[in-house]
>>> print(open('start_13.pdb').read())   # PDB, C-alpha atoms and all ligand atoms
ATOM      1  CA  MET T   1      -8.528  16.924 -17.361  1.00  0.00           C
ATOM      2  CA  THR T   2      -7.762  13.431 -18.661  1.00  0.00           C
ATOM      3  CA  VAL T   3      -9.965  11.583 -21.120  1.00  0.00           C
ATOM      4  CA  LEU T   4      -9.690   7.792 -21.389  1.00  0.00           C
ATOM      5  CA  THR T   5     -10.890   5.667 -24.275  1.00  0.00           C
ATOM      6  CA  TYR T   6     -10.297   2.205 -25.699  1.00  0.00           C
ATOM      7  CA  GLY T   7     -10.404   0.579 -29.103  1.00  0.00           C
ATOM      8  CA  THR T   8      -9.151  -2.134 -31.392  1.00  0.00           C
ATOM      9  CA  PHE T   9      -8.428   0.428 -34.150  1.00  0.00           C
ATOM     10  CA  ASP T  10      -7.991  -2.251 -36.811  1.00  0.00           C
ATOM     11  CA  HIS T  11      -7.625  -0.686 -40.300  1.00  0.00           C
ATOM     12  CA  PHE T  12      -7.547   2.777 -38.711  1.00  0.00           C
ATOM     13  CA  HIS T  13     -10.078   5.041 -40.434  1.00  0.00           C
ATOM     14  CA  TRP T  14     -11.657   8.453 -40.142  1.00  0.00           C
ATOM     15  CA  GLY T  15     -14.459   7.186 -37.930  1.00  0.00           C
ATOM     16  CA  HIS T  16     -11.780   6.329 -35.373  1.00  0.00           C
ATOM     17  CA  LEU T  17     -10.092   9.713 -35.901  1.00  0.00           C
ATOM     18  CA  ASN T  18     -13.429  11.515 -35.516  1.00  0.00           C
ATOM     19  CA  LEU T  19     -13.980   9.782 -32.182  1.00  0.00           C
ATOM     20  CA  LEU T  20     -10.477  10.423 -30.864  1.00  0.00           C
ATOM     21  CA  GLU T  21     -10.460  14.116 -31.815  1.00  0.00           C
ATOM     22  CA  ARG T  22     -13.852  14.692 -30.145  1.00  0.00           C
ATOM     23  CA  ALA T  23     -12.678  12.740 -27.100  1.00  0.00           C
ATOM     24  CA  ARG T  24      -9.528  14.878 -26.865  1.00  0.00           C
ATOM     25  CA  ALA T  25     -11.629  18.044 -27.034  1.00  0.00           C
ATOM     26  CA  LEU T  26     -13.414  17.024 -23.806  1.00  0.00           C
ATOM     27  CA  GLY T  27     -10.259  17.570 -21.783  1.00  0.00           C
ATOM     28  CA  ASN T  28      -6.606  18.476 -22.119  1.00  0.00           C
ATOM     29  CA  ARG T  29      -5.108  14.978 -22.217  1.00  0.00           C
ATOM     30  CA  LEU T  30      -6.271  11.912 -24.149  1.00  0.00           C
ATOM     31  CA  VAL T  31      -5.102   8.441 -23.111  1.00  0.00           C
ATOM     32  CA  VAL T  32      -5.982   5.530 -25.390  1.00  0.00           C
ATOM     33  CA  GLY T  33      -6.026   1.813 -24.547  1.00  0.00           C
ATOM     34  CA  VAL T  34      -5.400  -0.311 -27.644  1.00  0.00           C
ATOM     35  CA  VAL T  35      -6.856  -3.789 -27.269  1.00  0.00           C
ATOM     36  CA  SER T  36      -4.193  -6.521 -27.373  1.00  0.00           C
ATOM     37  CA  ASP T  37      -4.343  -9.358 -29.904  1.00  0.00           C
ATOM     38  CA  GLN T  38      -5.023 -11.798 -27.061  1.00  0.00           C
ATOM     39  CA  VAL T  39      -7.970  -9.797 -25.694  1.00  0.00           C
ATOM     40  CA  CYS T  40      -9.353  -9.333 -29.227  1.00  0.00           C
ATOM     41  CA  SER T  41      -9.343 -13.114 -29.612  1.00  0.00           C
ATOM     42  CA  GLU T  42     -10.972 -13.569 -26.199  1.00  0.00           C
ATOM     43  CA  LYS T  43     -13.706 -11.096 -27.258  1.00  0.00           C
ATOM     44  CA  ASN T  44     -14.044 -12.783 -30.665  1.00  0.00           C
ATOM     45  CA  ARG T  45     -13.141  -9.435 -32.222  1.00  0.00           C
ATOM     46  CA  THR T  46     -11.822  -9.920 -35.757  1.00  0.00           C
ATOM     47  CA  PHE T  47      -8.610  -8.011 -36.439  1.00  0.00           C
ATOM     48  CA  SER T  48      -6.121  -8.015 -39.308  1.00  0.00           C
ATOM     49  CA  THR T  49      -3.257  -5.926 -37.969  1.00  0.00           C
ATOM     50  CA  PRO T  50      -1.160  -6.911 -34.956  1.00  0.00           C
ATOM     51  CA  CYS T  51      -1.374  -4.843 -31.795  1.00  0.00           C
ATOM     52  CA  GLU T  52       2.074  -3.277 -32.144  1.00  0.00           C
ATOM     53  CA  GLU T  53       1.070  -1.826 -35.527  1.00  0.00           C
ATOM     54  CA  ARG T  54      -2.316  -0.640 -34.252  1.00  0.00           C
ATOM     55  CA  LEU T  55      -0.607   0.940 -31.227  1.00  0.00           C
ATOM     56  CA  ALA T  56       2.010   2.702 -33.393  1.00  0.00           C
ATOM     57  CA  VAL T  57      -0.711   4.402 -35.465  1.00  0.00           C
ATOM     58  CA  ILE T  58      -2.540   5.620 -32.349  1.00  0.00           C
ATOM     59  CA  LYS T  59       0.684   6.888 -30.724  1.00  0.00           C
ATOM     60  CA  ALA T  60       1.475   8.898 -33.878  1.00  0.00           C
ATOM     61  CA  LEU T  61      -1.767  10.893 -33.739  1.00  0.00           C
ATOM     62  CA  ARG T  62      -1.517  14.556 -32.749  1.00  0.00           C
ATOM     63  CA  CYS T  63      -4.726  14.263 -30.677  1.00  0.00           C
ATOM     64  CA  VAL T  64      -3.387  11.356 -28.589  1.00  0.00           C
ATOM     65  CA  ASP T  65      -1.197  12.200 -25.592  1.00  0.00           C
ATOM     66  CA  GLU T  66      -0.539   8.664 -24.407  1.00  0.00           C
ATOM     67  CA  ALA T  67      -1.423   5.154 -25.535  1.00  0.00           C
ATOM     68  CA  PHE T  68      -1.038   1.744 -23.935  1.00  0.00           C
ATOM     69  CA  VAL T  69      -1.962  -1.872 -24.632  1.00  0.00           C
ATOM     70  CA  GLN T  70      -5.124  -3.176 -22.957  1.00  0.00           C
ATOM     71  CA  LEU T  71      -3.889  -6.549 -21.739  1.00  0.00           C
ATOM     72  CA  GLU T  72      -6.914  -7.625 -19.657  1.00  0.00           C
ATOM     73  CA  LEU T  73     -10.471  -8.214 -20.825  1.00  0.00           C
ATOM     74  CA  ASP T  74     -11.655  -5.408 -18.578  1.00  0.00           C
ATOM     75  CA  GLN T  75      -9.340  -3.046 -16.680  1.00  0.00           C
ATOM     76  CA  LYS T  76     -11.341   0.187 -16.706  1.00  0.00           C
ATOM     77  CA  GLU T  77     -11.298   0.921 -12.952  1.00  0.00           C
ATOM     78  CA  LYS T  78      -7.558   0.288 -12.801  1.00  0.00           C
ATOM     79  CA  ASP T  79      -6.945   2.570 -15.768  1.00  0.00           C
ATOM     80  CA  ILE T  80      -9.271   5.282 -14.448  1.00  0.00           C
ATOM     81  CA  ASP T  81      -7.139   5.337 -11.262  1.00  0.00           C
ATOM     82  CA  ARG T  82      -3.837   4.956 -13.139  1.00  0.00           C
ATOM     83  CA  PHE T  83      -4.517   7.979 -15.349  1.00  0.00           C
ATOM     84  CA  SER T  84      -6.862   9.901 -13.001  1.00  0.00           C
ATOM     85  CA  ALA T  85      -9.364   9.966 -15.851  1.00  0.00           C
ATOM     86  CA  ARG T  86     -12.228  12.458 -15.606  1.00  0.00           C
ATOM     87  CA  TYR T  87     -14.031  11.101 -18.693  1.00  0.00           C
ATOM     88  CA  LEU T  88     -14.397   7.592 -20.089  1.00  0.00           C
ATOM     89  CA  VAL T  89     -15.359   7.931 -23.746  1.00  0.00           C
ATOM     90  CA  VAL T  90     -16.605   5.445 -26.318  1.00  0.00           C
ATOM     91  CA  GLY T  91     -18.775   5.494 -29.437  1.00  0.00           C
ATOM     92  CA  ASP T  92     -22.528   5.267 -28.890  1.00  0.00           C
ATOM     93  CA  ASP T  93     -22.575   1.766 -30.342  1.00  0.00           C
ATOM     94  CA  TRP T  94     -21.557   0.941 -26.768  1.00  0.00           C
ATOM     95  CA  LYS T  95     -24.276   3.117 -25.197  1.00  0.00           C
ATOM     96  CA  GLY T  96     -25.638   1.501 -22.042  1.00  0.00           C
ATOM     97  CA  HIS T  97     -23.276  -1.480 -22.269  1.00  0.00           C
ATOM     98  CA  PRO T  98     -22.692  -2.983 -18.805  1.00  0.00           C
ATOM     99  CA  ARG T  99     -18.900  -2.822 -19.258  1.00  0.00           C
ATOM    100  CA  PHE T 100     -19.258   0.974 -19.290  1.00  0.00           C
ATOM    101  CA  GLU T 101     -22.304   1.513 -17.078  1.00  0.00           C
ATOM    102  CA  GLN T 102     -20.631  -0.509 -14.312  1.00  0.00           C
ATOM    103  CA  VAL T 103     -17.961   2.193 -13.881  1.00  0.00           C
ATOM    104  CA  ARG T 104     -20.402   5.148 -14.016  1.00  0.00           C
ATOM    105  CA  GLY T 105     -19.342   7.513 -11.203  1.00  0.00           C
ATOM    106  CA  TYR T 106     -16.349   5.373 -10.205  1.00  0.00           C
ATOM    107  CA  HIS T 107     -13.955   7.840  -8.554  1.00  0.00           C
ATOM    108  CA  GLY T 108     -15.920  10.660 -10.209  1.00  0.00           C
ATOM    109  CA  VAL T 109     -15.486   9.463 -13.795  1.00  0.00           C
ATOM    110  CA  GLU T 110     -18.116  10.570 -16.330  1.00  0.00           C
ATOM    111  CA  ILE T 111     -19.100   8.163 -19.103  1.00  0.00           C
ATOM    112  CA  VAL T 112     -19.461   9.920 -22.471  1.00  0.00           C
ATOM    113  CA  TYR T 113     -20.950   8.147 -25.478  1.00  0.00           C
ATOM    114  CA  LEU T 114     -20.048   9.982 -28.683  1.00  0.00           C
ATOM    115  CA  GLU T 115     -22.047   9.549 -31.860  1.00  0.00           C
ATOM    116  CA  ARG T 116     -20.543   6.888 -34.089  1.00  0.00           C
ATOM    117  CA  THR T 117     -19.474   8.068 -37.570  1.00  0.00           C
ATOM    118  CA  PRO T 118     -21.884   6.500 -40.074  1.00  0.00           C
ATOM    119  CA  GLY T 119     -20.820   4.627 -43.203  1.00  0.00           C
ATOM    120  CA  ILE T 120     -17.357   3.480 -42.141  1.00  0.00           C
ATOM    121  CA  SER T 121     -16.063   0.564 -40.079  1.00  0.00           C
ATOM    122  CA  SER T 122     -13.115  -1.807 -39.929  1.00  0.00           C
ATOM    123  CA  THR T 123     -15.490  -4.593 -41.000  1.00  0.00           C
ATOM    124  CA  LEU T 124     -16.522  -2.633 -44.108  1.00  0.00           C
ATOM    125  CA  ILE T 125     -12.877  -2.021 -45.008  1.00  0.00           C
ATOM    126  CA  ARG T 126     -12.022  -5.700 -44.598  1.00  0.00           C
ATOM    127  CA  GLN T 127     -14.958  -6.596 -46.845  1.00  0.00           C
ATOM    128  CA  ARG T 128     -13.879  -4.060 -49.495  1.00  0.00           C
ATOM    129  CA  ILE T 129     -10.368  -5.521 -49.504  1.00  0.00           C
ATOM    130  CA  LYS T 130     -11.804  -9.017 -49.753  1.00  0.00           C
ATOM    131  CA  ASP T 131     -14.126  -8.085 -52.618  1.00  0.00           C
ATOM    132  CA  GLN T 132     -11.334  -6.406 -54.576  1.00  0.00           C
ATOM    133  CA  THR T 133      -8.759  -9.111 -53.942  1.00  0.00           C
ATOM    134  CA  PRO T 134      -8.988 -11.736 -56.710  1.00  0.00           C
ATOM    135  CA  MET T 135      -9.429 -15.173 -55.218  1.00  0.00           C
ATOM    136  CA  GLN T 136      -6.100 -17.007 -55.113  1.00  0.00           C
ATOM    137  CA  THR T 137      -6.433 -19.788 -57.725  1.00  0.00           C
TER     138      THR T 137
HETATM  139  N1  LIG O 201     -16.070   4.333 -33.892  1.00  0.00           N
HETATM  140  C1  LIG O 201     -16.815   5.430 -34.342  1.00  0.00           C
HETATM  141  N2  LIG O 201     -17.284   5.428 -35.615  1.00  0.00           N
HETATM  142  C2  LIG O 201     -17.039   4.383 -36.450  1.00  0.00           C
HETATM  143  C3  LIG O 201     -16.275   3.289 -36.005  1.00  0.00           C
HETATM  144  C4  LIG O 201     -15.798   3.282 -34.704  1.00  0.00           C
HETATM  145  O1  LIG O 201     -17.048   6.384 -33.575  1.00  0.00           O
HETATM  146  N3  LIG O 201     -17.545   4.424 -37.717  1.00  0.00           N
HETATM  147  C5  LIG O 201     -15.575   4.347 -32.518  1.00  0.00           C
HETATM  148  C6  LIG O 201     -16.059   3.154 -31.700  1.00  0.00           C
HETATM  149  O2  LIG O 201     -17.355   3.418 -31.158  1.00  0.00           O
HETATM  150  C7  LIG O 201     -14.992   3.093 -30.604  1.00  0.00           C
HETATM  151  C8  LIG O 201     -13.722   3.578 -31.338  1.00  0.00           C
HETATM  152  O3  LIG O 201     -14.159   4.267 -32.525  1.00  0.00           O
HETATM  153  O4  LIG O 201     -15.299   4.014 -29.570  1.00  0.00           O
HETATM  154  C9  LIG O 201     -12.819   2.436 -31.740  1.00  0.00           C
HETATM  155  O5  LIG O 201     -13.556   1.580 -32.590  1.00  0.00           O
HETATM  156  P1  LIG O 201     -13.170   0.016 -32.584  1.00  0.00           P
HETATM  157  O6  LIG O 201     -11.729  -0.124 -32.847  1.00  0.00           O
HETATM  158  O7  LIG O 201     -14.164  -0.747 -33.393  1.00  0.00           O
HETATM  159  O8  LIG O 201     -13.424  -0.279 -31.030  1.00  0.00           O
HETATM  160  P2  LIG O 201     -13.986  -1.598 -30.351  1.00  0.00           P
HETATM  161  O9  LIG O 201     -13.357  -2.791 -30.964  1.00  0.00           O
HETATM  162  O10 LIG O 201     -15.463  -1.449 -30.322  1.00  0.00           O
HETATM  163  O11 LIG O 201     -13.344  -1.447 -28.903  1.00  0.00           O
HETATM  164  O12 LIG O 201     -14.208  -1.418 -24.389  1.00  0.00           O
HETATM  165  C10 LIG O 201     -14.434  -0.642 -25.543  1.00  0.00           C
HETATM  166  C11 LIG O 201     -13.933  -1.427 -26.716  1.00  0.00           C
HETATM  167  O13 LIG O 201     -12.618  -1.873 -26.443  1.00  0.00           O
HETATM  168  C12 LIG O 201     -13.941  -0.597 -27.978  1.00  0.00           C
END
>>> encode(input="start_13.pdb", output="structure tokens")
Amino acid sequence: MTVLTYGTFDHFHWGHLNLLERARALGNRLVVGVVSDQVCSEKNRTFSTPCEERLAVIKALRCVDEAFVQLELDQKEKDIDRFSARYLVVGDDWKGHPRFEQVRGYHGVEIVYLERTPGISSTLIRQRIKDQTPMQT
């Protein structure tokens, strides 16, 4: 059974890994859409590392079977069909979000919100780097 998930995965961290490993455990194949730089900008999502680097990290993970670049703002139905996904997984910070609820039951897909790992985020990491980096004089 194929599990599909998406993410920006900027400054990859163990909260991301936690999510991906639990997602993988729901089935026997995990496919991950990595959000393109263009789509990040369209969604006003801050990111520091370019998509090709973020994609390379995801592809290298033992728990990931396949990864691709999410080129459109929203392509969930197309991807569910493309990969015959049984589960669409995302952290529960997205719980109830229309972009997920709208595909509930689409071609039999089950939406699974997994508990977000507390205390870590790409934003926090960016802030830590900023705080530790002396201002350029
Ligand atoms: N995540 C988590 N725990 C954290 C941080 C992130 O479980 N401490 C999860 C998020 O809920 C998401 C995944 O890890 O499911 C990737 O996180 P982000 O890269 O921040 O994903 P985001 O930019 O929210 O993109 O359409 C869905 C979006 O594309 C997800």
>>> resolve_selection(input="start_13.pdb", expression="the PyMOL selection byres (((chain T and resi 126) around 12) and not hetatm)", output="PyMOL selection string")
chain T and resi 10-13+46-49+120-125+127-133
>>> resolve_selection(input="start_13.pdb", expression="the PyMOL selection byres (((not hetatm)) within 8 of (chain O and resi 201))", output="compact mmCIF listing (two decimals) with C-alpha atoms, keeping the file's coordinate frame")
# COMPACT_ATOMS: atom_id res chain seq x y z
CA THR T 5 -10.89 5.67 -24.28
CA TYR T 6 -10.30 2.20 -25.70
CA GLY T 7 -10.40 0.58 -29.10
CA THR T 8 -9.15 -2.13 -31.39
CA PHE T 9 -8.43 0.43 -34.15
CA ASP T 10 -7.99 -2.25 -36.81
CA PHE T 12 -7.55 2.78 -38.71
CA HIS T 13 -10.08 5.04 -40.43
CA TRP T 14 -11.66 8.45 -40.14
CA GLY T 15 -14.46 7.19 -37.93
CA HIS T 16 -11.78 6.33 -35.37
CA LEU T 17 -10.09 9.71 -35.90
CA ASN T 18 -13.43 11.52 -35.52
CA LEU T 19 -13.98 9.78 -32.18
CA LEU T 20 -10.48 10.42 -30.86
CA GLY T 33 -6.03 1.81 -24.55
CA VAL T 34 -5.40 -0.31 -27.64
CA VAL T 35 -6.86 -3.79 -27.27
CA CYS T 40 -9.35 -9.33 -29.23
CA ARG T 45 -13.14 -9.44 -32.22
CA ASP T 74 -11.66 -5.41 -18.58
CA VAL T 89 -15.36 7.93 -23.75
CA VAL T 90 -16.60 5.44 -26.32
CA GLY T 91 -18.77 5.49 -29.44
CA ASP T 92 -22.53 5.27 -28.89
CA ASP T 93 -22.58 1.77 -30.34
CA TRP T 94 -21.56 0.94 -26.77
CA ARG T 99 -18.90 -2.82 -19.26
CA PHE T 100 -19.26 0.97 -19.29
CA LEU T 114 -20.05 9.98 -28.68
CA GLU T 115 -22.05 9.55 -31.86
CA ARG T 116 -20.54 6.89 -34.09
CA THR T 117 -19.47 8.07 -37.57
CA PRO T 118 -21.88 6.50 -40.07
CA GLY T 119 -20.82 4.63 -43.20
CA ILE T 120 -17.36 3.48 -42.14
CA SER T 121 -16.06 0.56 -40.08
CA SER T 122 -13.12 -1.81 -39.93
>>> closest_residue(input="start_13.pdb", among="T:Val32, T:His97, T:Ile111, T:Lys43", to="Leu55 in chain T", atoms="all atoms listed in the file")
T:Val32
>>> atom_distance(input="start_13.pdb", atom1="CA of Asp79 in chain T", atom2="CA of Tyr106 in chain T")
11.3 Å
>>> atom_distance(input="start_13.pdb", atom1="CA of Cys63 in chain T", atom2="CA of Gln38 in chain T")
26.3 Å
>>> closest_residue(input="start_13.pdb", among="T:Glu72, T:Glu77, T:Glu101, T:Glu110", to="Ser41 in chain T", atoms="all atoms listed in the file")
T:Glu72
>>> closest_residue(input="start_13.pdb", among="T:Val64, T:Gly105, T:Asp37, T:Pro98", to="Val3 in chain T", atoms="only C-alpha atoms")
T:Val64
>>> closest_residue(input="start_13.pdb", among="T:His107, T:Tyr113, T:Asn28, T:Glu53", to="Asp81 in chain T", atoms="only C-alpha atoms")
T:His107
>>> closest_residue(input="start_13.pdb", among="T:Val103, T:Ala60, T:Leu88, T:Leu71", to="Arg24 in chain T", atoms="all atoms listed in the file")
T:Leu88
>>> residues_near_point(input="start_13.pdb", point="(-3.6, 9.5, -21.5)", cutoff="6 Å", atoms="only C-alpha atoms", output="list in words")
Arg29, Leu30, Val31, Asp65 and Glu66 of chain T
>>> closest_residue(input="start_13.pdb", among="T:Val69, T:Val109, T:Val39, T:Leu61", to="Glu21 in chain T", atoms="only C-alpha atoms")
T:Leu61
>>> atom_distance(input="start_13.pdb", atom1="CA of Leu26 in chain T", atom2="CA of Glu52 in chain T")
26.9 Å
>>> axis_aligned_box(input="start_13.pdb", around="range 25-44 of chain T", padding_each_side="3 Å", output="JSON")
{"center_x": -9.1, "center_y": 2.5, "center_z": -26.2, "size_x": 15.9, "size_y": 38.0, "size_z": 14.9}
>>> build_atoms(input="start_13.pdb", residues="range 112-136 of chain T", atoms="N, CA and C atoms", output="mmCIF file, in the frame of the given file")
data_model
loop_
_atom_site.group_PDB
_atom_site.id
_atom_site.type_symbol
_atom_site.label_atom_id
_atom_site.label_comp_id
_atom_site.auth_asym_id
_atom_site.auth_seq_id
_atom_site.Cartn_x
_atom_site.Cartn_y
_atom_site.Cartn_z
ATOM 1 N N VAL T 112 -18.966 9.123 -21.335
ATOM 2 C CA VAL T 112 -19.461 9.920 -22.471
ATOM 3 C C VAL T 112 -19.541 9.036 -23.706
ATOM 4 N N TYR T 113 -20.752 8.906 -24.237
ATOM 5 C CA TYR T 113 -20.950 8.147 -25.478
ATOM 6 C C TYR T 113 -21.003 9.155 -26.624
ATOM 7 N N LEU T 114 -20.073 9.048 -27.548
ATOM 8 C CA LEU T 114 -20.048 9.982 -28.683
ATOM 9 C C LEU T 114 -20.662 9.309 -29.908
ATOM 10 N N GLU T 115 -21.363 10.103 -30.677
ATOM 11 C CA GLU T 115 -22.047 9.549 -31.860
ATOM 12 C C GLU T 115 -21.045 8.857 -32.793
ATOM 13 N N ARG T 116 -21.391 7.669 -33.184
ATOM 14 C CA ARG T 116 -20.543 6.888 -34.089
ATOM 15 C C ARG T 116 -20.611 7.502 -35.491
ATOM 16 N N THR T 117 -19.491 7.522 -36.203
ATOM 17 C CA THR T 117 -19.474 8.068 -37.570
ATOM 18 C C THR T 117 -20.134 7.060 -38.512
ATOM 19 N N PRO T 118 -21.190 7.459 -39.200
ATOM 20 C CA PRO T 118 -21.884 6.500 -40.074
ATOM 21 C C PRO T 118 -21.066 6.152 -41.317
ATOM 22 N N GLY T 119 -21.337 4.978 -41.878
ATOM 23 C CA GLY T 119 -20.820 4.627 -43.203
ATOM 24 C C GLY T 119 -19.390 4.134 -43.255
ATOM 25 N N ILE T 120 -18.743 3.976 -42.112
ATOM 26 C CA ILE T 120 -17.357 3.480 -42.141
ATOM 27 C C ILE T 120 -17.140 2.557 -40.934
ATOM 28 N N SER T 121 -16.419 1.477 -41.187
ATOM 29 C CA SER T 121 -16.063 0.564 -40.079
ATOM 30 C C SER T 121 -14.915 -0.331 -40.544
ATOM 31 N N SER T 122 -14.222 -0.891 -39.587
ATOM 32 C CA SER T 122 -13.115 -1.807 -39.929
ATOM 33 C C SER T 122 -13.660 -3.007 -40.706
ATOM 34 N N THR T 123 -14.869 -3.444 -40.319
ATOM 35 C CA THR T 123 -15.490 -4.593 -41.000
ATOM 36 C C THR T 123 -15.744 -4.282 -42.471
ATOM 37 N N LEU T 124 -16.237 -3.055 -42.723
ATOM 38 C CA LEU T 124 -16.522 -2.633 -44.108
ATOM 39 C C LEU T 124 -15.232 -2.604 -44.924
ATOM 40 N N ILE T 125 -14.168 -2.118 -44.317
ATOM 41 C CA ILE T 125 -12.877 -2.021 -45.008
ATOM 42 C C ILE T 125 -12.356 -3.424 -45.337
ATOM 43 N N ARG T 126 -12.452 -4.304 -44.353
ATOM 44 C CA ARG T 126 -12.022 -5.700 -44.598
ATOM 45 C C ARG T 126 -12.821 -6.312 -45.751
ATOM 46 N N GLN T 127 -14.106 -6.042 -45.786
ATOM 47 C CA GLN T 127 -14.958 -6.596 -46.845
ATOM 48 C C GLN T 127 -14.565 -6.020 -48.198
ATOM 49 N N ARG T 128 -14.270 -4.699 -48.233
ATOM 50 C CA ARG T 128 -13.879 -4.060 -49.495
ATOM 51 C C ARG T 128 -12.575 -4.678 -50.009
ATOM 52 N N ILE T 129 -11.639 -4.918 -49.104
ATOM 53 C CA ILE T 129 -10.368 -5.521 -49.504
ATOM 54 C C ILE T 129 -10.622 -6.916 -50.065
ATOM 55 N N LYS T 130 -11.491 -7.635 -49.341
ATOM 56 C CA LYS T 130 -11.804 -9.017 -49.753
ATOM 57 C C LYS T 130 -12.456 -9.009 -51.142
ATOM 58 N N ASP T 131 -13.402 -8.116 -51.330
ATOM 59 C CA ASP T 131 -14.126 -8.085 -52.618
ATOM 60 C C ASP T 131 -13.198 -7.705 -53.766
ATOM 61 N N GLN T 132 -12.203 -6.871 -53.481
ATOM 62 C CA GLN T 132 -11.334 -6.406 -54.576
ATOM 63 C C GLN T 132 -10.143 -7.345 -54.781
ATOM 64 N N THR T 133 -9.915 -8.227 -53.788
ATOM 65 C CA THR T 133 -8.759 -9.111 -53.942
ATOM 66 C C THR T 133 -9.181 -10.337 -54.730
ATOM 67 N N PRO T 134 -8.586 -10.541 -55.942
ATOM 68 C CA PRO T 134 -8.988 -11.736 -56.710
ATOM 69 C C PRO T 134 -8.713 -12.994 -55.881
ATOM 70 N N MET T 135 -9.634 -13.933 -55.978
ATOM 71 C CA MET T 135 -9.429 -15.173 -55.218
ATOM 72 C C MET T 135 -8.112 -15.812 -55.696
ATOM 73 N N GLN T 136 -7.343 -16.310 -54.738
ATOM 74 C CA GLN T 136 -6.100 -17.007 -55.113
ATOM 75 C C GLN T 136 -6.483 -18.330 -55.788
#
